[in-house]
Every structure is written in structure tokens, then in C-alpha cells.
>>> print(open('upload_4.cif').read())   # mmCIF, C-alpha atoms and all ligand atoms
data_data
#
loop_
_atom_site.label_atom_id
_atom_site.label_comp_id
_atom_site.auth_asym_id
_atom_site.auth_seq_id
_atom_site.Cartn_x
_atom_site.Cartn_y
_atom_site.Cartn_z
CA MET B 1 -79.43 97.77 20.78
CA HIS B 2 -78.26 94.56 22.44
CA TRP B 3 -76.12 96.54 24.89
CA LEU B 4 -78.99 98.69 26.17
CA TYR B 5 -81.95 96.37 25.65
CA GLU B 6 -80.48 93.02 26.72
CA ALA B 7 -77.05 93.31 28.35
CA ASN B 8 -77.97 95.82 31.10
CA PRO B 9 -76.91 94.06 34.34
CA ALA B 10 -80.08 95.37 36.06
CA GLY B 11 -82.14 93.24 33.65
CA PRO B 12 -83.49 93.25 30.11
CA CYS B 13 -85.65 96.09 28.82
CA GLN B 14 -89.43 95.91 29.31
CA LEU B 15 -90.50 96.90 25.82
CA TRP B 16 -94.10 98.02 25.44
CA VAL B 17 -95.57 98.67 22.02
CA ALA B 18 -98.87 99.89 20.58
CA GLU B 19 -100.09 97.99 17.53
CA GLU B 20 -102.55 99.10 14.90
CA MET B 21 -105.67 96.97 15.07
CA GLY B 22 -106.07 94.80 11.99
CA THR B 23 -102.57 95.20 10.54
CA GLY B 24 -100.59 94.48 13.73
CA ARG B 25 -98.22 97.24 12.69
CA ILE B 26 -96.23 98.68 15.58
CA VAL B 27 -97.08 102.38 15.79
CA ALA B 28 -95.52 103.37 19.12
CA THR B 29 -92.92 102.06 21.56
CA ARG B 30 -92.37 102.67 25.27
CA PRO B 31 -89.16 100.98 26.44
CA VAL B 32 -88.44 100.88 30.16
CA PHE B 33 -84.97 99.97 31.36
CA PRO B 34 -84.56 98.41 34.82
CA TRP B 35 -82.19 100.51 36.91
CA ARG B 36 -80.59 99.68 40.26
CA VAL B 37 -80.51 102.69 42.53
CA ARG B 38 -79.59 103.15 46.13
CA VAL B 39 -82.20 105.17 47.99
CA GLY B 40 -81.16 106.04 51.53
CA HIS B 41 -79.73 102.80 52.89
CA ARG B 42 -81.45 100.36 50.54
CA GLU B 43 -80.94 99.14 47.02
CA VAL B 44 -84.16 99.49 45.02
CA LEU B 45 -84.95 98.32 41.52
CA VAL B 46 -86.54 101.22 39.66
CA ALA B 47 -86.59 102.01 35.96
CA GLN B 48 -85.37 104.54 33.47
CA ALA B 49 -87.82 105.43 30.70
CA GLY B 50 -86.20 106.27 27.38
CA ASP B 51 -86.26 105.72 23.60
CA ALA B 52 -90.03 106.33 23.29
CA MET B 53 -91.48 106.99 19.87
CA THR B 54 -94.76 107.21 17.99
CA HIS B 55 -94.76 106.70 14.22
CA PRO B 56 -95.13 110.17 12.63
CA GLU B 57 -98.41 109.19 10.92
CA PHE B 58 -99.97 108.33 14.27
CA ARG B 59 -98.90 111.31 16.36
CA ARG B 60 -101.23 113.62 18.28
CA ARG B 61 -103.97 111.01 18.51
CA GLY B 62 -103.32 110.03 22.11
CA VAL B 63 -101.44 106.81 21.29
CA PHE B 64 -98.44 107.62 23.47
CA THR B 65 -100.67 108.89 26.29
CA SER B 66 -102.52 105.54 26.32
CA LEU B 67 -99.29 103.57 26.18
CA VAL B 68 -97.77 105.52 29.06
CA GLN B 69 -100.94 105.02 31.10
CA VAL B 70 -100.68 101.24 30.63
CA VAL B 71 -96.93 101.06 31.33
CA TRP B 72 -97.00 103.32 34.39
CA SER B 73 -99.89 101.21 35.82
CA GLU B 74 -97.89 98.04 35.19
CA LEU B 75 -94.80 99.47 36.93
CA ARG B 76 -96.97 100.49 39.88
CA ASP B 77 -98.39 96.94 40.06
CA GLN B 78 -94.86 95.51 39.93
CA GLY B 79 -94.08 97.52 43.07
CA VAL B 80 -91.69 99.94 41.36
CA PRO B 81 -91.78 103.10 43.52
CA PHE B 82 -90.65 105.47 40.77
CA SER B 83 -88.95 105.72 37.41
CA PHE B 84 -86.89 108.56 36.01
CA SER B 85 -86.20 109.94 32.56
CA PHE B 86 -84.18 112.48 30.63
CA SER B 87 -87.19 113.42 28.52
CA ASN B 88 -87.78 116.09 25.94
CA ALA B 89 -90.61 118.62 26.11
CA GLY B 90 -93.05 116.54 24.01
CA ALA B 91 -92.77 113.43 26.15
CA LEU B 92 -92.79 115.44 29.38
CA SER B 93 -95.99 117.15 28.41
CA VAL B 94 -97.66 113.74 28.11
CA TYR B 95 -96.14 112.48 31.38
CA ARG B 96 -97.39 115.50 33.29
CA LYS B 97 -100.94 114.65 32.27
CA THR B 98 -100.58 110.97 33.17
CA ALA B 99 -100.57 110.52 36.94
CA VAL B 100 -100.78 106.88 37.97
CA GLY B 101 -100.49 105.69 41.55
CA GLN B 102 -101.39 106.57 45.07
CA GLY B 103 -100.44 109.41 47.37
CA SER B 104 -99.86 113.10 47.00
CA ARG B 105 -96.44 112.63 45.39
CA ALA B 106 -97.73 110.39 42.55
CA GLY B 107 -97.05 111.84 39.13
CA THR B 108 -94.23 113.44 37.18
CA HIS B 109 -91.84 115.95 38.73
CA GLU B 110 -88.96 117.70 37.04
CA VAL B 111 -86.52 117.20 39.87
CA LEU B 112 -83.10 117.91 38.42
CA TRP B 113 -82.10 120.59 35.96
CA PHE B 114 -78.86 119.95 34.15
CA ARG B 115 -76.64 122.71 32.86
CA ARG B 116 -73.60 122.42 30.68
CA LEU B 117 -70.34 123.82 32.04
CA VAL B 118 -67.41 124.21 29.70
CA TYR B 119 -63.66 124.39 30.21
CA PRO B 120 -61.65 125.77 27.29
CA LEU B 121 -58.54 123.63 26.93
CA SER B 122 -57.06 125.11 23.77
CA TRP B 123 -57.99 128.51 22.35
CA ARG B 124 -55.96 127.67 19.26
CA LEU B 125 -58.20 124.70 18.51
CA ILE B 126 -61.41 126.51 19.50
CA LEU B 127 -60.66 129.57 17.40
CA GLY B 128 -59.23 127.44 14.60
CA ARG B 129 -62.85 126.50 13.94
CA THR B 130 -63.42 130.14 12.89
CA PRO B 131 -60.45 130.38 10.49
CA ALA B 132 -60.29 134.20 10.19
CA ILE B 133 -59.79 134.72 13.92
CA GLY B 134 -57.90 131.47 14.38
CA GLY B 135 -54.98 132.62 12.23
CA LEU B 136 -54.41 135.65 14.42
CA ILE B 137 -54.66 133.92 17.73
CA THR B 138 -52.46 130.86 17.16
CA GLY B 139 -49.38 132.43 18.72
CA LEU B 140 -51.35 133.33 21.85
CA ASP B 141 -52.20 129.74 22.56
CA LEU B 142 -48.85 128.73 24.00
CA PRO B 143 -49.27 130.42 27.40
CA ARG B 144 -52.83 129.13 27.54
CA ARG B 145 -51.57 125.57 27.10
CA VAL B 146 -48.88 125.97 29.74
CA PHE B 147 -51.15 127.82 32.18
CA PRO B 148 -53.80 125.09 32.49
CA ARG B 149 -51.11 122.46 32.92
CA ARG B 150 -49.87 124.24 36.03
CA ARG B 151 -53.43 124.67 37.31
CA LEU B 152 -54.11 121.00 36.70
CA THR B 153 -51.36 119.74 39.00
CA LEU B 154 -52.66 117.48 41.78
CA PRO B 155 -51.69 117.49 45.46
CA LYS B 156 -48.75 115.13 46.09
CA HIS B 157 -50.69 112.63 48.17
CA LEU B 158 -53.05 111.87 45.26
CA SER B 159 -52.11 109.62 42.34
CA VAL B 160 -53.99 109.01 39.12
CA PHE B 161 -54.14 105.78 37.14
CA ARG B 162 -55.88 104.66 33.97
CA VAL B 163 -58.73 102.18 34.48
CA ASP B 164 -59.14 99.48 31.82
CA ARG B 165 -61.65 97.42 33.75
CA PHE B 166 -63.59 98.06 36.97
CA ASP B 167 -62.79 95.38 39.53
CA ARG B 168 -63.24 94.59 43.23
CA GLU B 169 -61.37 97.72 44.24
CA PHE B 170 -64.31 99.69 42.79
CA ASP B 171 -66.87 97.45 44.52
CA ASP B 172 -65.05 98.21 47.73
CA LEU B 173 -65.16 101.96 47.02
CA TRP B 174 -68.89 101.65 46.41
CA ILE B 175 -69.46 99.75 49.67
CA ARG B 176 -67.35 102.22 51.69
CA THR B 177 -68.84 105.34 50.15
CA ALA B 178 -72.45 104.78 49.08
CA GLN B 179 -73.97 105.51 52.49
CA GLN B 180 -72.71 109.08 52.22
CA TYR B 181 -75.14 109.73 49.34
CA GLY B 182 -78.94 110.03 49.18
CA VAL B 183 -80.14 108.59 45.87
CA LEU B 184 -77.94 107.35 43.04
CA THR B 185 -77.34 104.58 40.51
CA VAL B 186 -75.60 101.59 42.11
CA ARG B 187 -72.03 102.15 40.96
CA ASP B 188 -70.60 98.68 41.48
CA SER B 189 -68.19 97.08 39.02
CA ARG B 190 -71.00 95.18 37.27
CA TYR B 191 -72.77 98.41 36.38
CA LEU B 192 -69.62 100.41 35.69
CA ASN B 193 -68.16 97.85 33.26
CA TRP B 194 -71.42 97.68 31.35
CA ARG B 195 -71.89 101.45 31.33
CA PHE B 196 -68.39 102.68 30.57
CA MET B 197 -66.32 99.75 29.29
CA ASP B 198 -68.63 97.54 27.26
CA PRO B 199 -70.60 99.86 24.93
CA PRO B 200 -70.22 98.43 21.41
CA THR B 201 -69.06 101.81 20.08
CA GLY B 202 -66.10 101.71 22.45
CA ALA B 203 -65.08 102.23 26.04
CA PHE B 204 -65.05 105.57 27.80
CA GLN B 205 -61.78 106.93 29.17
CA VAL B 206 -61.66 106.28 32.90
CA LEU B 207 -59.19 107.54 35.47
CA GLY B 208 -58.97 106.33 39.07
CA LEU B 209 -57.64 108.35 41.99
CA ARG B 210 -55.79 106.88 44.97
CA THR B 211 -54.44 108.33 48.16
CA GLN B 212 -51.93 106.25 50.13
CA GLY B 213 -52.78 103.21 48.03
CA GLU B 214 -56.53 103.45 48.61
CA LEU B 215 -59.00 104.17 45.83
CA VAL B 216 -60.93 107.36 46.57
CA GLY B 217 -62.70 108.07 43.26
CA TYR B 218 -62.93 107.73 39.51
CA ILE B 219 -63.96 109.91 36.58
CA ALA B 220 -65.23 108.76 33.16
CA PHE B 221 -65.22 110.81 29.98
CA GLU B 222 -65.39 110.47 26.22
CA VAL B 223 -64.03 112.49 23.32
CA ASP B 224 -66.33 113.30 20.40
CA ALA B 225 -65.47 113.43 16.69
CA GLN B 226 -64.76 117.19 16.92
CA GLY B 227 -62.15 116.67 19.63
CA ASN B 228 -64.27 117.86 22.56
CA GLY B 229 -64.18 116.01 25.86
CA TRP B 230 -67.40 115.16 27.72
CA ILE B 231 -67.31 114.13 31.36
CA ALA B 232 -69.92 111.43 31.88
CA ASP B 233 -69.56 110.39 35.49
CA LEU B 234 -67.57 110.94 38.61
CA PHE B 235 -67.86 109.27 41.95
CA GLY B 236 -65.86 108.79 45.11
CA LEU B 237 -65.47 110.31 48.53
CA PRO B 238 -67.83 113.29 48.49
CA ASN B 239 -65.21 115.84 49.35
CA PRO B 240 -64.20 118.96 47.43
CA GLU B 241 -60.52 118.05 47.18
CA ILE B 242 -61.31 114.66 45.62
CA VAL B 243 -63.88 116.10 43.20
CA ALA B 244 -61.50 118.89 42.12
CA ALA B 245 -58.64 116.39 41.69
CA LEU B 246 -60.79 114.08 39.55
CA LEU B 247 -61.81 117.00 37.34
CA ARG B 248 -58.20 118.21 37.00
CA ALA B 249 -56.98 114.69 36.21
CA SER B 250 -59.51 114.35 33.40
CA LEU B 251 -58.71 117.84 32.06
CA GLY B 252 -55.02 116.96 32.01
CA ALA B 253 -55.75 113.75 30.11
CA MET B 254 -57.97 115.59 27.61
CA LEU B 255 -55.25 118.18 27.08
CA GLU B 256 -52.79 115.39 26.33
CA MET B 257 -55.30 113.94 23.88
CA GLY B 258 -55.48 117.29 22.06
CA CYS B 259 -59.05 118.20 23.04
CA ALA B 260 -60.28 121.75 22.42
CA THR B 261 -62.87 121.91 25.22
CA ALA B 262 -64.15 119.84 28.10
CA SER B 263 -67.83 119.84 29.04
CA ILE B 264 -69.67 118.54 32.05
CA LEU B 265 -73.44 118.42 32.47
CA VAL B 266 -74.21 119.19 36.07
CA ALA B 267 -77.45 119.18 38.03
CA THR B 268 -77.87 122.67 39.43
CA ASP B 269 -78.45 121.25 42.92
CA ASN B 270 -75.25 119.22 42.87
CA PRO B 271 -73.34 120.17 46.03
CA PHE B 272 -70.08 120.49 44.06
CA VAL B 273 -71.17 123.03 41.44
CA ARG B 274 -69.01 125.60 43.20
CA VAL B 275 -65.98 123.29 43.08
CA ILE B 276 -66.49 122.69 39.35
CA ARG B 277 -66.58 126.43 38.73
CA ASP B 278 -63.53 126.98 40.90
CA VAL B 279 -61.62 124.46 38.78
CA GLY B 280 -62.31 126.79 35.84
CA PHE B 281 -65.50 125.58 34.14
CA PHE B 282 -67.99 128.26 33.15
CA GLN B 283 -71.67 127.93 32.54
CA ARG B 284 -73.46 127.76 29.20
CA ALA B 285 -77.11 128.67 28.75
CA ASP B 286 -78.56 125.24 27.90
CA ARG B 287 -80.74 123.60 30.54
CA PHE B 288 -82.72 120.36 30.48
CA PRO B 289 -84.53 118.28 33.09
CA MET B 290 -84.36 114.86 34.61
CA ALA B 291 -87.88 113.90 35.66
CA VAL B 292 -88.99 111.48 38.34
CA HIS B 293 -92.28 109.62 37.84
CA VAL B 294 -93.72 108.50 41.18
CA TYR B 295 -96.06 105.50 41.31
CA ARG B 296 -95.93 104.76 45.03
CA ASP B 297 -95.69 107.52 47.57
CA GLY B 298 -93.46 106.80 50.54
CA VAL B 299 -89.93 107.28 51.76
CA ASP B 300 -88.32 106.22 48.42
CA ALA B 301 -90.40 108.75 46.51
CA GLU B 302 -89.75 111.43 49.10
CA THR B 303 -85.99 110.95 48.74
CA ALA B 304 -86.13 110.80 44.95
CA LEU B 305 -88.03 114.09 44.79
CA ASP B 306 -85.37 115.91 46.79
CA ALA B 307 -82.98 117.35 44.21
CA ARG B 308 -80.24 117.90 46.81
CA ARG B 309 -80.13 114.18 47.61
CA TRP B 310 -79.45 113.01 44.04
CA TRP B 311 -76.00 112.15 42.77
CA ALA B 312 -76.73 112.01 39.06
CA TRP B 313 -74.55 112.81 36.09
CA TYR B 314 -75.24 112.70 32.41
CA GLY B 315 -73.66 109.24 32.32
CA ASP B 316 -76.77 108.02 34.15
CA ARG B 317 -78.72 108.54 30.95
CA ASP B 318 -79.77 105.47 28.95
CA VAL B 319 -77.79 106.33 25.83
CA GLU B 320 -74.58 104.74 24.76
CA ARG B 321 -72.70 107.84 23.55
CA LEU B 322 -73.46 110.98 25.48
CA ALA B 323 -71.70 113.58 23.37
CA LYS B 324 -74.38 113.45 20.65
CA HIS B 325 -77.28 114.22 22.94
CA PRO B 326 -77.14 117.39 25.04
C1 LIG B 401 -93.27 112.52 21.98
C2 LIG B 401 -94.10 111.50 21.20
C3 LIG B 401 -93.68 110.08 21.62
C4 LIG B 401 -95.58 111.72 21.54
O1 LIG B 401 -96.35 110.72 20.87
P1 LIG B 401 -97.90 110.93 20.48
O2 LIG B 401 -98.46 109.57 20.23
O3 LIG B 401 -98.03 111.94 19.42
O4 LIG B 401 -98.47 111.50 21.85
P2 LIG B 401 -99.99 111.82 22.19
O5 LIG B 401 -100.80 111.89 20.94
O6 LIG B 401 -100.45 110.89 23.25
O7 LIG B 401 -99.85 113.25 22.83
C5 LIG B 401 -99.18 114.29 22.14
C6 LIG B 401 -100.00 115.54 22.18
O8 LIG B 401 -101.16 115.35 21.39
C7 LIG B 401 -102.31 115.66 22.17
N1 LIG B 401 -103.40 114.80 21.72
C8 LIG B 401 -103.75 113.62 22.23
N2 LIG B 401 -104.82 113.13 21.56
C9 LIG B 401 -105.09 114.02 20.58
C10 LIG B 401 -106.06 114.09 19.57
N3 LIG B 401 -106.97 113.14 19.40
N4 LIG B 401 -106.00 115.15 18.75
C11 LIG B 401 -105.08 116.13 18.89
N5 LIG B 401 -104.15 116.12 19.86
C12 LIG B 401 -104.16 115.09 20.69
C13 LIG B 401 -101.87 115.37 23.57
O9 LIG B 401 -102.70 116.04 24.52
C14 LIG B 401 -100.49 115.89 23.55
O10 LIG B 401 -100.52 117.29 23.64
P3 LIG B 401 -99.37 118.14 24.28
O11 LIG B 401 -98.22 118.04 23.33
O12 LIG B 401 -99.93 119.49 24.44
O13 LIG B 401 -99.08 117.46 25.60
C15 LIG B 401 -93.95 111.68 19.67
O14 LIG B 401 -94.17 113.04 19.35
C16 LIG B 401 -92.61 111.25 19.11
O15 LIG B 401 -92.41 110.09 18.76
N6 LIG B 401 -91.66 112.20 19.01
C17 LIG B 401 -90.33 111.93 18.46
C18 LIG B 401 -89.52 111.04 19.41
C19 LIG B 401 -89.42 111.64 20.78
O16 LIG B 401 -89.28 112.84 20.95
N7 LIG B 401 -89.50 110.76 21.82
C20 LIG B 401 -89.38 111.14 23.21
C21 LIG B 401 -87.95 110.96 23.62
S1 LIG B 401 -87.71 111.54 25.27
#
>>> encode(input="upload_4.cif", output="C-alpha cells", more="lines below")
Ligand SMILES: CC(C)(COP(=O)(O)OP(=O)(O)OC[C@H]1O[C@@H](n2cnc3c(N)ncnc32)[C@H](O)[C@@H]1OP(=O)(O)O)[C@@H](O)C(=O)NCCC(=O)NCCS
Amino acid sequence: MHWLYEANPAGPCQLWVAEEMGTGRIVATRPVFPWRVRVGHREVLVAQAGDAMTHPEFRRRGVFTSLVQVVWSELRDQGVPFSFSFSNAGALSVYRKTAVGQGSRAGTHEVLWFRRLVYPLSWRLILGRTPAIGGLITGLDLPRRVFPRRRLTLPKHLSVFRVDRFDREFDDLWIRTAQQYGVLTVRDSRYLNWRFMDPPTGAFQVLGLRTQGELVGYIAFEVDAQGNGWIADLFGLPNPEIVAALLRASLGAMLEMGCATASILVATDNPFVRVIRDVGFFQRADRFPMAVHVYRDGVDAETALDARRWWAWYGDRDVERLAKHP
């Protein structure tokens, strides 16, 4: 709680609640987390809406609708151009009916659709989960383990290192690289340490990538209790060789850690979907949205509603551990 609600370097949570008249009992909550994003060439303070809840006894009476109306109006009055959320169908249905703000773009838009792509690292471990088949297939796993290792080799001019703490080298990468993107979370060391190093349940695994001594990207992932890897974030020079190398580096590390599969949740409009598939990930059926809630029409909203301009990964979501959620 402290990590998300108070320690966020973009600022503490704005927590809105609905109370029952008379008893003062809290019956619904609408937290809003400040979020620093870069939109075009400017840094803008927006918000991520998450963790909303209405007490089960008070549902379907319009409590959440009223709360959202109040909070969205407040954000508009604070000058926040838009917020975004990884919402479920129930919350989205309310948001769609709650347009607050001026201009034709005001309101909720499902801008990004995330899909899960999976890379099988070890058939022995995957099939071991279905014991009857697993027994037969064990011997077949050896070539599979050797094969990916060869495919995961990086070009000689790239070197991988483990990141224990994001420092000025990462600030420098951000400064050098950010202008090549449209709209994205500000990935400076302050944010990255909070997001991937300081969660109370433990740090993510992070690998950095250098070429000729210069940092060109990083990738962050976690491993869940079942031994599956989940890629949370990757960032660097927006070029296919760097993206492929980051993915391969993380797959190699997961293989060493004994993971069975690696998953990445990718926005379908991400320009590197093809690269991710070429590395060997294949698509699963699940699909869920990231919505943008516009309060002030203008150039910020226009950019944020263009799916092709977003650089968003599942690590942008306001939850500490990602593997539990998709
Ligand atoms: C999603 C959630 C916050 C909605 O809270 P809520 O207070 O029930 O929301 P509302 O009553 O304002 O609206 C819910 C629905 O009831 C309808 N409704 C509103 N007033 C109503 C009334 N008097 N009678 C019947 N239905 C009503 C709304 O139109 C809405 O319908 P829809 O689902 O077709 O859009 C609540 O279901 C919840 O806590 N779910 C579990 C946690 C969760 O999923 N949180 C969101 C995380 S992203």
C-alpha cells in the first residue's frame, strides 16, 4: 500500500471515497495515481486510475458512477488533460457513460489492446504439469533446451549486464532517446527504481544492454511462483535489433533460472510486434484494453488517443506484481 499510495515519485495517491450518510462508513473508493508521462516533447503530469471498488452491498446503485463524475471533474479542474487505466469491463462500462470535460475528444476511449505472447522455454517443464504426457516427452526436451540457447545468442557488438539499481546512465538513456517516442511514462531513474527495484515484494530482474560502452536499452521481468517469466517493460533505442536483443537476453536469463515459459503483454499497435514474433513468441487469445479518459481536448489528448504513438507495456500498470493480473 505504502509503495503505490505514498512512495510513487510522481506524488501521493489522490484517494476519493464515498461515505454512507449517517454512519460515515466508506462504501466506495476511487484512487487516482499521479503519473508522469512524456507527450510529444513535453513532460505532463497525468494520472492512472486503478484499485476502484464499491462495497458489494452498495453495488448497482450508481455510487461508483457518482464518484467517478466527481473525480473526473476534479481532475479536469486541476488541468489534467487525461488519465488512463487498465480497467475491467464493469468499470469501463461506467466510464463510458461518464464524459466530463470539453471538446469532441472528451470521454473514455479504449486506445490500446494488449495481447499476451508466449515463448515456450522448456517443454519438459510445461508438459511436466500434465504428468501423463510429461513422462513421455522428457527425453525430447534436451534439443529444445539447446536450440533456444543458440537462437538466443546476441550479436558480438552488444553486451548484457545485470542492473541492481537504475542510475545516471539510465537518465542519460532517457534524455537521449525519449524524443523518438510519442507518449510514454517518463522512464528516468527515479521512476524506474520505484517501479522495478523498490516494490516491497521484491525487485524485478533487470538487464541492461550496451554497445561500445554505451547503454542502449534495458528489459525488466519477473518470475512467478509457477516458474513462468513475465516481461514487464523494455525501453531503449527504438530499433528492431535492440528490441530483439533485449528479448533474447531476458529469455536467456529466464532459461538459466529454470523458467518454463516467458510471456509478454503487448499492445497490438506496438511497432515491434513483428520483431517479438520473429524472436519466437506466439500469440494467445486473451485481450484486454488500456483506456484513456480525456478531460481536456487538445494536442495532448490527440496524441494520447493515437494508439501507434504509445509506448506502453504491462509494467506501466499500477500494480506491484504483474504476473497475478493478466
Ligand atoms: C466496478 C464497480 C466499482 C462498480 O461499482 P458500482 O457502485 O456498482 O457502480 P454503479 O452502480 O455506478 O454502476 C454499475 C452498473 O449499475 C448500473 N446502475 C446504476 N445505478 C443503478 C440503479 N439504481 N439500479 C440498478 N443499476 C444501476 C449502472 O448503470 C451500471 O450498469 P452497467 O454495468 O451496465 O454499466 C463494482 O462492481 C466493484 O467494486 N467491482 C469489483 C472491483 C472492481 O472490479 N473494480 C474495478 C477495477 S478496474
>>> closest_residue(input="upload_4.cif", among="B:Phe161, B:Phe114, B:Phe204, B:Phe221", to="Arg287 (chain B)", atoms="all atoms listed in the file")
B:Phe114
>>> atom_distance(input="upload_4.cif", atom1="CA of Val294 (chain B)", atom2="CA of Cys13 (chain B)")
19.3 Å
>>> atom_distance(input="upload_4.cif", atom1="CA of Glu43 (chain B)", atom2="CA of Ala10 (chain B)")
11.6 Å
>>> closest_residue(input="upload_4.cif", among="B:Thr211, B:Thr98, B:Gln205, B:Asn193", to="His157 (chain B)", atoms="only C-alpha atoms")
B:Thr211
>>> atom_distance(input="upload_4.cif", atom1="CA of Ile219 (chain B)", atom2="CA of Trp310 (chain B)")
17.5 Å
>>> residues_near_ligand(input="upload_4.cif", ligand="ligand LIG 401 (chain B)", cutoff="7 Å", atoms="all atoms listed in the file", output="list in words")
Ala28, Gly50, Asp51, Ala52, Met53, Thr54, His55, Pro56, Phe58, Arg59, Arg60, Arg61, Gly62, Val63, Phe64, Thr65, Ser66, Phe86, Ser87, Asn88, Gly90, Ala91, Ser93 and Val94 of chain B
>>> write_last_selection(input="upload_4.cif", atoms="C-alpha atoms", output="CSV table (one decimal), in the coordinates of the input")
chain,number,residue,atom,x,y,z
B,28,ALA,CA,-95.5,103.4,19.1
B,50,GLY,CA,-86.2,106.3,27.4
B,51,ASP,CA,-86.3,105.7,23.6
B,52,ALA,CA,-90.0,106.3,23.3
B,53,MET,CA,-91.5,107.0,19.9
B,54,THR,CA,-94.8,107.2,18.0
B,55,HIS,CA,-94.8,106.7,14.2
B,56,PRO,CA,-95.1,110.2,12.6
B,58,PHE,CA,-100.0,108.3,14.3
B,59,ARG,CA,-98.9,111.3,16.4
B,60,ARG,CA,-101.2,113.6,18.3
B,61,ARG,CA,-104.0,111.0,18.5
B,62,GLY,CA,-103.3,110.0,22.1
B,63,VAL,CA,-101.4,106.8,21.3
B,64,PHE,CA,-98.4,107.6,23.5
B,65,THR,CA,-100.7,108.9,26.3
B,66,SER,CA,-102.5,105.5,26.3
B,86,PHE,CA,-84.2,112.5,30.6
B,87,SER,CA,-87.2,113.4,28.5
B,88,ASN,CA,-87.8,116.1,25.9
B,90,GLY,CA,-93.0,116.5,24.0
B,91,ALA,CA,-92.8,113.4,26.2
B,93,SER,CA,-96.0,117.2,28.4
B,94,VAL,CA,-97.7,113.7,28.1
>>> closest_residue(input="upload_4.cif", among="B:Arg321, B:Arg76, B:Arg176, B:Arg210", to="Ser159 (chain B)", atoms="all atoms listed in the file")
B:Arg210
>>> closest_residue(input="upload_4.cif", among="B:Gly252, B:Pro271, B:Gly11, B:Gly103", to="Arg308 (chain B)", atoms="all atoms listed in the file")
B:Pro271
>>> closest_residue(input="upload_4.cif", among="B:His41, B:His109, B:Lys324, B:Pro12", to="Ala225 (chain B)", atoms="all atoms listed in the file")
B:Lys324
>>> residues_around(input="upload_4.cif", residues="Leu322 (chain B)", least_positions_apart="6", cutoff="8 Å", atoms="only C-alpha atoms", output="mmCIF file with C-alpha atoms, in the frame of the given file")
data_model
loop_
_atom_site.group_PDB
_atom_site.id
_atom_site.type_symbol
_atom_site.label_atom_id
_atom_site.label_comp_id
_atom_site.auth_asym_id
_atom_site.auth_seq_id
_atom_site.Cartn_x
_atom_site.Cartn_y
_atom_site.Cartn_z
ATOM 1 C CA TRP B 230 -67.400 115.160 27.720
ATOM 2 C CA ALA B 232 -69.920 111.430 31.880
ATOM 3 C CA TYR B 314 -75.240 112.700 32.410
ATOM 4 C CA GLY B 315 -73.660 109.240 32.320
#
